[in-house]
Structures are given as C-alpha cells and as structure tokens.
Amino acid sequence: MEPPILAHPSRPSAPPQYNEMLNACLEPVTLNVSGRKFTTTINTLNGRSLFFAQVFQGDWKSSRQEDGSIFIDSNPEVFSHVLQYLRRGVFPLAYDQRRGHDYKLYADILAEAKFFGIPKLECWLVDQLYLRCITSSTVWSSAYKDDRIQTGFQTTSVWGSDVISTQMVRQDVTTVRNSVCYHQAQDRTAPCSHRGCRVSADGVKDDVETFRWAEVGRSIRFVQGWCIDTGWVCWSCQN
C-alpha cells in the first residue's frame, strides 16, 4: 500500500497585530526639546533608550502637546548628539586636531545618557573609550646637514593629511676645528674682508659647530571600530 501524499503546509501569514505594531514603531514622532523640534521614529527612540522604551509602552499620545509633539526637558544641542547615536549607533566623537577632545561636551552627553537610560553610550563615556578612537604617533623626515637652517625653513618632505605640528629639531651636533686668518680670530662675527689674506695651516684654530637637522611631526589616525556599537560589548555594564 502506497503512503498517502501529504500536502505541503502553506506559510502562515503574519497576524494583523504584528503589522500594526510594525507600523506603530515606524510612526514619525516629534520631540520638543526645550523649544527645538526633532522628528524621528518610535523604533529609533526605543532601540537603545530604556527611558523612551518605557514612555512608548503606555498611552503616550495623551501626553502630547497641542501641536502633537512630546516635550523633553534637555539641552537641544547636547540632545542632538544623543539622538544621532540612537539613530545609527555611532558614538559622539568630539575631537579636533589642534584642540583635542571636547571633555565638556562629553560630560554633558554623559549626563543625558544616564537620564535617558542608554547603557552603551554611558559606558563608552565613563570608560573614556573615545581616547581609543584617535591614535597619535611621532614621525620623522629625512635628516638635513646644514648649520644655517633658519626659522621657517621649507623642507622637501611630503607629509600625509594625517600629520600635523611639524617642526625642525637638531638631531646631533658635530664640532670641527678650522683654521682661520688673523682678522677672523679678532672678530668672529664677520668673515674676513681683506684681499689677499691667507689662512695658515699652523695658524689660529677656530671651533665650528655643524648641526644635523630633522623634521618631526605628529601623526593622527582615526580608528572607526571604537566609534560604533555594532558587535561592541560594554564590559562595565556586564560586571
């Protein structure tokens, strides 16, 4: 007797409430942050913030203002960095090549991260992981054998865009004894101007210093991996 032929079960359709939940998460929402408006989605706010996840669990629409926005008591300039992190998971690196890190801004963002319940952003700031986003190293150019290099001397070195703050430094000093004429022995500030003046090998000796110069710079590189939270583990939060 042949086995019965079983019909292949059809794939179940998504329940209606699932589509409703998805549409609700993608629904635009406007935040009034101390007078400045920000438009985003519920899904963006819920994804990384415990504060907003709790807000949108209840009847949040009843707490909206007349224009339909939700009032948030926060500094809008600082909140813009928080919202950008909530949108893409990119940590707010505030660094300038000449001025360095903006620690005041980091402190302000940390206070907001604690208030809005954003664990990874809080840990990134507390552990000062922004310092790992930028690496610095010293680079040297080829040496120059010239004891007459003046301030503002232009070298032929070609630096990349990651190198800043270059300067000329004396790498080593060599002292050589040279014979000078009688007139130079009397006045070392100027060369001899007397015609026909000769320098005797067994005459006056003068110590002359020659310098070996090098151009030194600082190389700054950006390490992207420490600026995104994808696959990133906050060990401080785990312990």
# chains A, B, ... in the order shown; residues from 1 in each chain; ligands from 1
>>> residues_around(residues="Thr230 in chain A", least_positions_apart="6", cutoff="10 Å", atoms="only C-alpha atoms", output="JSON, numbers by chain")
{"A": [88, 89, 90]}
>>> residues_around(residues="Phe38 in chain A", least_positions_apart="2", cutoff="10 Å", atoms="only C-alpha atoms", output="MDAnalysis selection string")
chainID A and resid 29:33 35:36 40 69:70 76 79:80 83
>>> write_last_selection(atoms="C-alpha atoms", output="compact mmCIF listing (two decimals), in the first residue's frame")
# COMPACT_ATOMS: atom_id res chain seq x y z
CA VAL A 29 7.14 61.28 16.32
CA THR A 30 8.15 64.87 17.07
CA LEU A 31 10.08 65.79 20.20
CA ASN A 32 10.04 69.33 21.53
CA VAL A 33 13.41 69.59 23.28
CA GLY A 35 11.78 74.66 22.17
CA ARG A 36 13.69 72.91 19.39
CA THR A 40 12.30 60.70 14.40
CA SER A 69 4.90 66.93 19.94
CA ILE A 70 6.27 65.45 23.16
CA PRO A 76 18.85 70.68 22.41
CA PHE A 79 20.37 66.09 22.74
CA SER A 80 21.21 66.28 19.02
CA LEU A 83 19.62 61.36 19.03
>>> residues_around(residues="Asp102 in chain A", least_positions_apart="4", cutoff="12 Å", atoms="only C-alpha atoms", output="ChimeraX atom specification")
/A:92-98,106-109,125,128,130-131
>>> write_last_selection(atoms="N, CA and C atoms", output="short mmCIF file (atom, residue, chain, number, x, y, z; two decimals), in the first residue's frame")
data_model
loop_
_atom_site.label_atom_id
_atom_site.label_comp_id
_atom_site.auth_asym_id
_atom_site.auth_seq_id
_atom_site.Cartn_x
_atom_site.Cartn_y
_atom_site.Cartn_z
N PRO A 92 29.36 59.67 19.84
CA PRO A 92 29.62 61.09 19.51
C PRO A 92 31.06 61.49 19.77
N LEU A 93 31.95 61.20 18.85
CA LEU A 93 33.35 61.60 18.98
C LEU A 93 33.47 63.09 18.72
N ALA A 94 33.95 63.83 19.73
CA ALA A 94 34.12 65.29 19.62
C ALA A 94 35.62 65.59 19.72
N TYR A 95 36.28 65.61 18.57
CA TYR A 95 37.74 65.76 18.55
C TYR A 95 38.15 66.72 17.46
N ASP A 96 39.12 67.57 17.79
CA ASP A 96 39.72 68.50 16.84
C ASP A 96 41.23 68.30 16.88
N GLN A 97 41.88 68.31 15.71
CA GLN A 97 43.31 68.03 15.65
C GLN A 97 44.13 68.99 16.48
N ARG A 98 43.73 70.22 16.58
CA ARG A 98 44.52 71.22 17.32
C ARG A 98 44.08 71.36 18.76
N TYR A 106 31.53 65.91 26.35
CA TYR A 106 31.42 64.52 26.81
C TYR A 106 30.69 64.45 28.15
N ALA A 107 31.00 65.37 29.05
CA ALA A 107 30.35 65.38 30.37
C ALA A 107 28.85 65.66 30.24
N ASP A 108 28.49 66.58 29.35
CA ASP A 108 27.08 66.90 29.14
C ASP A 108 26.33 65.72 28.52
N ILE A 109 26.96 65.05 27.56
CA ILE A 109 26.31 63.90 26.92
C ILE A 109 26.18 62.75 27.92
N LEU A 125 31.44 56.58 27.47
CA LEU A 125 31.92 57.85 28.02
C LEU A 125 32.62 57.65 29.36
N GLN A 128 35.97 56.27 28.96
CA GLN A 128 36.79 57.14 28.12
C GLN A 128 37.31 56.40 26.87
N TYR A 130 36.57 57.03 23.95
CA TYR A 130 36.81 57.96 22.85
C TYR A 130 38.31 58.19 22.65
N LEU A 131 39.11 57.93 23.71
CA LEU A 131 40.56 58.08 23.56
C LEU A 131 41.13 57.02 22.63
#
>>> closest_residue(among="A:Lys104, A:Leu110, A:Ile228, A:Thr41", to="Cys123 in chain A", atoms="only C-alpha atoms")
A:Leu110
>>> atom_distance(atom1="CA of Gln84 in chain A", atom2="CA of Ile118 in chain A")
12.6 Å
>>> residues_around(residues="Pro119 in chain A", least_positions_apart="3", cutoff="9 Å", atoms="only C-alpha atoms", output="compact mmCIF listing (two decimals) with C-alpha atoms, in the first residue's frame")
# COMPACT_ATOMS: atom_id res chain seq x y z
CA ARG A 48 18.75 51.93 22.64
CA SER A 49 16.98 54.00 25.32
CA LEU A 50 15.29 52.50 28.36
CA ALA A 113 22.91 59.19 28.65
CA LYS A 114 22.25 58.43 32.31
CA GLU A 122 27.13 55.76 29.16
CA CYS A 123 29.83 53.08 29.34
CA TRP A 124 31.64 54.48 26.30
CA CYS A 234 30.31 47.09 27.28
CA CYS A 237 27.77 47.19 32.14
>>> residues_around(residues="Ser136 in chain A", least_positions_apart="5", cutoff="9 Å", atoms="only C-alpha atoms", output="list in words")
Arg218, Ser219, Ile220 and Arg221 of chain A
>>> write_last_selection(atoms="N, CA and C atoms", output="PDB file, in the first residue's frame")
ATOM      1  N   ARG A 218      53.635  64.941  14.109  1.00  0.00           N
ATOM      2  CA  ARG A 218      52.757  64.059  14.874  1.00  0.00           C
ATOM      3  C   ARG A 218      51.673  63.523  13.943  1.00  0.00           C
ATOM      4  N   SER A 219      51.542  62.206  13.907  1.00  0.00           N
ATOM      5  CA  SER A 219      50.564  61.555  13.030  1.00  0.00           C
ATOM      6  C   SER A 219      49.310  61.211  13.826  1.00  0.00           C
ATOM      7  N   ILE A 220      48.146  61.613  13.313  1.00  0.00           N
ATOM      8  CA  ILE A 220      46.855  61.359  13.954  1.00  0.00           C
ATOM      9  C   ILE A 220      46.042  60.427  13.062  1.00  0.00           C
ATOM     10  N   ARG A 221      45.568  59.322  13.618  1.00  0.00           N
ATOM     11  CA  ARG A 221      44.769  58.374  12.833  1.00  0.00           C
ATOM     12  C   ARG A 221      43.459  58.064  13.568  1.00  0.00           C
TER      13      ARG A 221
END
>>> select_by_dssp(residues="range 60-159 of chain A", states="strand (DSSP E or B)", output="JSON, numbers by chain")
{"A": [70, 71, 72, 90, 95, 96, 100, 101, 134, 135, 136, 137, 138, 139, 140, 141, 142, 143, 144, 145]}
>>> atom_distance(atom1="CA of Phe51 in chain A", atom2="CA of Phe116 in chain A")
4.8 Å
>>> closest_residue(among="A:Cys181, A:Leu105, A:Ile72, A:Val216", to="Ser137 in chain A", atoms="only C-alpha atoms")
A:Val216
